[in-house]
Amino acid sequence: MTSVNVELANVSCWYGNVVAVNDVTMTLGPGVTGLLGPNGAGKTTLLHMMAGFLAPSRGTVQVGGQPTWRNPGVYRDLGLVSEREAAHGFLTARQFVEASAKLHKLPDPRAAAARALGLVEMTDAQDRRIETYSKGMRQRTRVAAALVHNPAVLLLDEPFNGMDPRQRLHMMDMLDELGRQGRTILFSSHILEEVEQVSGTVQVIVAGRLAASGDFRTIRRLMTNRPHVFTIHSSDDRRLAVALMAEESVAGVELDATGLTVRAGDYGTFTRALPKIATTSGVRVRRVLPADESLESVFSYLVAA
Amino acid sequence: MNITIASMTLRGLFGRRRFLLLLPLPLLVIGLAVLCEALNAKPEDWGGPVLGGLGLGITLPLMALIIGTGVLGAEIDDGTITHILAKPLPRSEIIISKLVVAILVTAVTVAPALGIAGLITGTASVGYGLAAGAAVGACAYSGLFVAMSMLTRRPVLLGLLYVLIWEGILGNVLSGTQKLSISAYVAAVADKIADSEILSGSLGVPLSLIMSAVFLVGGTLIAINRLRSFSVAGETS
């Protein structure tokens, strides 16, 4: 398969006073890339610009060297699965995917539709109306419609939403395989583990800016090595605070009326050490709460790093 | 003209409750005409309000509004439009396919019913005039309402305001507004062909036909241009 790149150069997009995407430059080549970021980060806006459904306020977005905005010709090389669950419910999956093939003016729409439906394991249910499908089945049908013309670039917005674990696994394998065939695949997600399982390369977007870009393992290491904050309630907070300060994985302890706030450098070492320290000190731990485990805090840390 | 888009549009249209609920409206005009005739009322007395008022003045624009906004606006609302737009198709092909469906469905659902209702008056030319007027109206209204679907997020509301306020109220009070009123063009064409006291039109036929073409062609060009720059609402996830 001929490789086609997606290139964004100094791309910004704003709605009135709200800046959704701020000066993003990236080049996506063959293989699977995850677009990772918390909700509201600008992932969908970025994907819409790549798909030609939104004009960049500044900068250029190109697929295979062609601008995507006001240029329907790019869809010969581009497949899109948007996040919004939109499919013509009155059609069967076969009719829907075949219609896609016809709109692409493929020479044998029926065969192309059968191949695409086979890829997403929808052959058995292909003659049922889409409105009778589960969310996961609809999603797979839309992926089949996006793949029917064998595009070199596939963009997927939150493709795993609504899928059960088996379907997720299948979709992940499929994206992996499509990437290995030389396609440029970009999928967005706000779930770290999804991106980890599928892609080696990630683009992390936070508050409209590209916060990190490159190999997932390196970025993941940055994320796991960040300090973790725990709130602890015990039978004797002061004594526990003294004991914890001797622990190597603890970077700081704060004692106040609400209890102990502990900053630990390594999540695993600290959580393993805490019960032993408490037992040795004769303190009963009543509650341990990780205070900063939200994805947003992980991303914030990444931006600050 | 793209057959795949046209057939999907047609199936989508017939699956919408709003359209199916309005479908009996043209039959109501026939029913009222039959009733008036059965009661031995004079066609000159009931023809104006039933055929001109209810038929051409209400049924035709309402059907055209629901159909014209349904072929495109409904797909924009539910997001299915992106499925068609993410294809290497000229935007003119998409708009023309949808417009043809809107015109044909409006004409087929309204013109024969009004034609039959006209024939009940006993004057064949009234039937022909009503059918021809409905066909002209189907073209002009479809152009307007398809363009409205691309210009506003509330095409049905805006279309209703045009039909009820501009054509219905202002058209009767200020004669100048009739020059931009499709119902006045329709009435002129129907009146000319019917050549009877039952229907009345105030504009000339050449002007009506030219203005109908302006609404159709202008609406089509506006819709094509807007679709070329169609943006998906910037929801961020």
# chains A, B, ... in the order shown; residues from 1 in each chain; ligands from 1
>>> residues_around(residues="segment 227-229 of chain A", least_positions_apart="2", cutoff="6 Å", atoms="only C-alpha atoms", output="ChimeraX atom specification")
/A:262-265,290-292
>>> residues_around(residues="segment 151-156 of chain A", least_positions_apart="6", cutoff="9 Å", atoms="only C-alpha atoms", output="number ranges by chain")
A: 1-6, 30, 47, 50-51, 63, 75-83, 143, 182-188
>>> closest_atom_pairs(of="chain B", to="chain A", cutoff="12 Å", atoms="only C-alpha atoms", output="tab-separated table")
residue	atom	partner	partner_atom	distance
B:Met1	CA	A:Leu103	CA	11.8
B:Asn2	CA	A:Leu103	CA	8.3
B:Ile3	CA	A:Leu103	CA	9.4
B:Thr4	CA	A:Ala99	CA	6.4
B:Ile5	CA	A:Leu103	CA	7.9
B:Ala6	CA	A:Ala99	CA	11.1
B:Ser7	CA	A:Ala99	CA	9.8
B:Met8	CA	A:His88	CA	8.4
B:Thr9	CA	A:His88	CA	9.9
B:Leu10	CA	A:Phe90	CA	11.2
B:Arg11	CA	A:Phe90	CA	7.7
B:Gly12	CA	A:Phe90	CA	7.3
B:Leu13	CA	A:Phe90	CA	10.6
B:Phe14	CA	A:Phe90	CA	10.2
B:Gly15	CA	A:Phe90	CA	7.6
B:Arg16	CA	A:Phe90	CA	10.4
B:Ala74	CA	A:His88	CA	11.3
B:Glu75	CA	A:His88	CA	9.0
B:Ile76	CA	A:Ala86	CA	10.2
B:Asp77	CA	A:Ala86	CA	10.1
B:Asp78	CA	A:Ala86	CA	6.6
B:Gly79	CA	A:Ala86	CA	5.4
B:Thr80	CA	A:Ala86	CA	5.0
B:Ile81	CA	A:Ala86	CA	8.5
B:Thr82	CA	A:Ala86	CA	8.2
B:His83	CA	A:Ala87	CA	7.5
B:Ile84	CA	A:Leu103	CA	7.7
B:Leu85	CA	A:Pro72	CA	7.8
B:Ala86	CA	A:Tyr75	CA	6.0
B:Lys87	CA	A:Tyr75	CA	5.3
B:Pro88	CA	A:Pro72	CA	4.7
B:Leu89	CA	A:Pro72	CA	6.2
B:Pro90	CA	A:Pro72	CA	6.9
B:Arg91	CA	A:Pro72	CA	8.2
B:Ser92	CA	A:Pro72	CA	11.5
B:Glu93	CA	A:Leu103	CA	10.8
B:Ile94	CA	A:Leu103	CA	10.3
B:Ile224	CA	A:Arg70	CA	11.7
B:Asn225	CA	A:Arg70	CA	10.1
B:Arg226	CA	A:Arg70	CA	10.5
B:Leu227	CA	A:Arg70	CA	9.2
B:Arg228	CA	A:Arg70	CA	5.7
B:Ser229	CA	A:Arg70	CA	6.1
B:Phe230	CA	A:Phe53	CA	6.6
B:Ser231	CA	A:Leu54	CA	4.9
B:Val232	CA	A:Phe53	CA	5.5
B:Ala233	CA	A:Leu54	CA	8.3
B:Gly234	CA	A:Thr45	CA	5.9
B:Glu235	CA	A:Thr44	CA	6.8
B:Thr236	CA	A:Gly40	CA	4.9
B:Ser237	CA	A:Asn39	CA	4.7
>>> select_by_dssp(residues="segment 22-232 of chain B", states="alpha helix (DSSP H)", output="NGL selection string")
:B and (22 or 25-38 or 43-47 or 60-70 or 73-78 or 81-85 or 91-119 or 124-151 or 155-161 or 171-173 or 182-194 or 205-228)
>>> write_last_selection(atoms="C-alpha atoms", output="compact mmCIF listing (two decimals), in the first residue's frame")
# COMPACT_ATOMS: atom_id res chain seq x y z
CA LEU B 22 -48.70 15.19 6.89
CA LEU B 25 -53.27 16.49 4.17
CA PRO B 26 -53.68 16.40 0.35
CA LEU B 27 -56.42 13.78 0.81
CA LEU B 28 -58.22 16.18 3.14
CA VAL B 29 -58.51 18.65 0.24
CA ILE B 30 -60.13 15.95 -1.92
CA GLY B 31 -62.41 14.97 0.98
CA LEU B 32 -63.59 18.56 1.47
CA ALA B 33 -64.18 18.99 -2.27
CA VAL B 34 -66.28 15.81 -2.34
CA LEU B 35 -68.23 16.99 0.70
CA CYS B 36 -68.95 20.41 -0.80
CA GLU B 37 -70.04 18.82 -4.05
CA ALA B 38 -72.25 16.34 -2.20
CA PRO B 43 -67.81 25.57 -6.89
CA GLU B 44 -67.49 29.38 -7.10
CA ASP B 45 -68.29 29.51 -3.36
CA TRP B 46 -66.14 26.70 -1.99
CA GLY B 47 -63.41 26.53 -4.69
CA LEU B 60 -48.54 22.70 -0.88
CA PRO B 61 -46.14 24.86 1.17
CA LEU B 62 -46.46 22.69 4.28
CA MET B 63 -45.71 19.48 2.37
CA ALA B 64 -42.85 21.20 0.54
CA LEU B 65 -41.51 22.52 3.86
CA ILE B 66 -41.49 19.15 5.61
CA ILE B 67 -40.07 17.37 2.57
CA GLY B 68 -37.59 20.09 1.57
CA THR B 69 -36.13 20.40 5.06
CA GLY B 70 -36.32 16.62 5.57
CA GLY B 73 -31.84 19.20 7.37
CA ALA B 74 -32.77 15.96 9.08
CA GLU B 75 -29.46 14.36 8.05
CA ILE B 76 -27.59 17.39 9.35
CA ASP B 77 -29.47 17.14 12.66
CA ASP B 78 -28.76 13.45 13.23
CA ILE B 81 -24.74 13.76 6.57
CA THR B 82 -21.06 13.12 7.41
CA HIS B 83 -21.44 9.63 5.94
CA ILE B 84 -22.30 11.12 2.56
CA LEU B 85 -19.94 14.08 2.81
CA ARG B 91 -21.18 18.83 -3.52
CA SER B 92 -23.41 19.85 -6.45
CA GLU B 93 -24.16 16.15 -7.06
CA ILE B 94 -25.31 15.73 -3.45
CA ILE B 95 -27.53 18.83 -3.44
CA ILE B 96 -29.06 18.17 -6.87
CA SER B 97 -29.87 14.56 -5.93
CA LYS B 98 -31.61 15.69 -2.76
CA LEU B 99 -33.39 18.53 -4.50
CA VAL B 100 -34.73 16.23 -7.20
CA VAL B 101 -36.12 13.92 -4.49
CA ALA B 102 -37.72 16.89 -2.70
CA ILE B 103 -39.33 18.22 -5.90
CA LEU B 104 -40.59 14.82 -7.07
CA VAL B 105 -41.98 13.75 -3.69
CA THR B 106 -43.70 17.12 -3.16
CA ALA B 107 -45.12 17.12 -6.69
CA VAL B 108 -46.27 13.50 -6.52
CA THR B 109 -47.94 13.86 -3.11
CA VAL B 110 -49.63 17.20 -3.78
CA ALA B 111 -50.23 17.79 -7.53
CA PRO B 112 -52.42 14.74 -8.28
CA ALA B 113 -54.52 15.30 -5.14
CA LEU B 114 -55.11 18.97 -5.99
CA GLY B 115 -55.77 18.02 -9.62
CA ILE B 116 -58.46 15.54 -8.56
CA ALA B 117 -59.98 18.07 -6.16
CA GLY B 118 -60.06 20.56 -9.05
CA LEU B 119 -61.78 18.09 -11.34
CA ALA B 124 -61.34 20.08 -16.04
CA SER B 125 -59.12 23.13 -16.55
CA VAL B 126 -59.32 23.93 -12.81
CA GLY B 127 -57.84 20.50 -12.10
CA TYR B 128 -55.07 21.00 -14.65
CA GLY B 129 -54.35 24.49 -13.34
CA LEU B 130 -54.08 23.29 -9.74
CA ALA B 131 -51.80 20.39 -10.71
CA ALA B 132 -49.55 22.64 -12.80
CA GLY B 133 -49.44 25.29 -10.05
CA ALA B 134 -48.52 22.62 -7.52
CA ALA B 135 -45.72 21.37 -9.79
CA VAL B 136 -44.29 24.88 -10.20
CA GLY B 137 -44.63 25.45 -6.45
CA ALA B 138 -42.89 22.13 -5.70
CA CYS B 139 -39.81 23.37 -7.64
CA ALA B 140 -39.67 26.86 -6.13
CA TYR B 141 -40.48 25.85 -2.53
CA SER B 142 -37.98 22.95 -2.64
CA GLY B 143 -35.22 25.29 -3.79
CA LEU B 144 -36.04 27.67 -0.96
CA PHE B 145 -36.39 25.08 1.80
CA VAL B 146 -33.31 23.04 0.84
CA ALA B 147 -31.29 26.28 0.91
CA MET B 148 -32.82 27.12 4.30
CA SER B 149 -31.63 23.75 5.64
CA MET B 150 -28.08 24.85 4.84
CA LEU B 151 -28.47 28.40 6.10
CA PRO B 155 -35.20 25.55 8.86
CA VAL B 156 -38.72 24.34 9.74
CA LEU B 157 -39.38 27.28 12.04
CA LEU B 158 -38.04 29.77 9.53
CA GLY B 159 -39.98 28.11 6.72
CA LEU B 160 -43.18 28.28 8.76
CA LEU B 161 -42.60 31.98 9.38
CA GLY B 171 -49.23 38.79 1.28
CA ASN B 172 -52.87 39.75 1.94
CA VAL B 173 -52.12 43.13 3.47
CA ILE B 182 -44.10 31.64 -4.05
CA SER B 183 -47.79 31.13 -3.29
CA ALA B 184 -48.56 34.19 -5.48
CA TYR B 185 -46.58 32.63 -8.38
CA VAL B 186 -48.41 29.34 -7.90
CA ALA B 187 -51.80 31.10 -7.85
CA ALA B 188 -50.93 33.02 -11.03
CA VAL B 189 -49.98 29.85 -12.94
CA ALA B 190 -53.02 27.92 -11.67
CA ASP B 191 -55.38 30.83 -12.47
CA LYS B 192 -54.01 31.22 -15.99
CA ILE B 193 -54.49 27.54 -16.86
CA ALA B 194 -57.84 27.19 -15.04
CA VAL B 205 -47.46 34.37 -15.46
CA PRO B 206 -44.08 35.26 -17.05
CA LEU B 207 -42.96 37.04 -13.87
CA SER B 208 -44.21 34.11 -11.75
CA LEU B 209 -42.31 31.56 -13.81
CA ILE B 210 -39.12 33.63 -13.83
CA MET B 211 -39.30 34.20 -10.06
CA SER B 212 -40.00 30.50 -9.44
CA ALA B 213 -36.87 29.67 -11.46
CA VAL B 214 -34.92 32.26 -9.46
CA PHE B 215 -36.00 30.59 -6.18
CA LEU B 216 -35.10 27.14 -7.54
CA VAL B 217 -31.73 28.01 -9.10
CA GLY B 218 -30.75 30.53 -6.43
CA GLY B 219 -31.64 28.10 -3.64
CA THR B 220 -29.67 25.34 -5.32
CA LEU B 221 -26.56 27.48 -5.75
CA ILE B 222 -26.70 28.74 -2.16
CA ALA B 223 -27.10 25.18 -0.85
CA ILE B 224 -24.19 23.88 -2.95
CA ASN B 225 -21.93 26.69 -1.80
CA ARG B 226 -22.87 26.19 1.86
CA LEU B 227 -22.35 22.43 1.63
CA ARG B 228 -18.83 22.96 0.25
>>> closest_residue(among="B:Gly57, B:Thr152, B:Pro24, B:Ala41", to="Leu72 of chain B", atoms="only C-alpha atoms")
B:Thr152
>>> atom_distance(atom1="atom CA of Val202 of chain A", atom2="atom CA of Lys135 of chain A")
26.1 Å
>>> atom_distance(atom1="atom CA of Gln203 of chain A", atom2="atom CA of Asn10 of chain A")
15.0 Å
>>> select_by_dssp(residues="segment 75-237 of chain A", states="strand (DSSP E)", output="PyMOL selection string")
chain A and resi 78-81+153-157+184-189+201-206+209-215+228-234
>>> residues_around(residues="Arg94 of chain A", least_positions_apart="6", cutoff="10 Å", atoms="only C-alpha atoms", output="PyMOL selection string")
chain A and resi 100+110+113-114+116-117+122-123+125-130+141+144-145
>>> residues_around(residues="segment 235-246 of chain A", least_positions_apart="4", cutoff="7 Å", atoms="only C-alpha atoms", output="list in words")
Val250, Val253, Gly259, Leu260, Ile277, Ala278, Ser281, Val283, Arg284 and Val285 of chain A
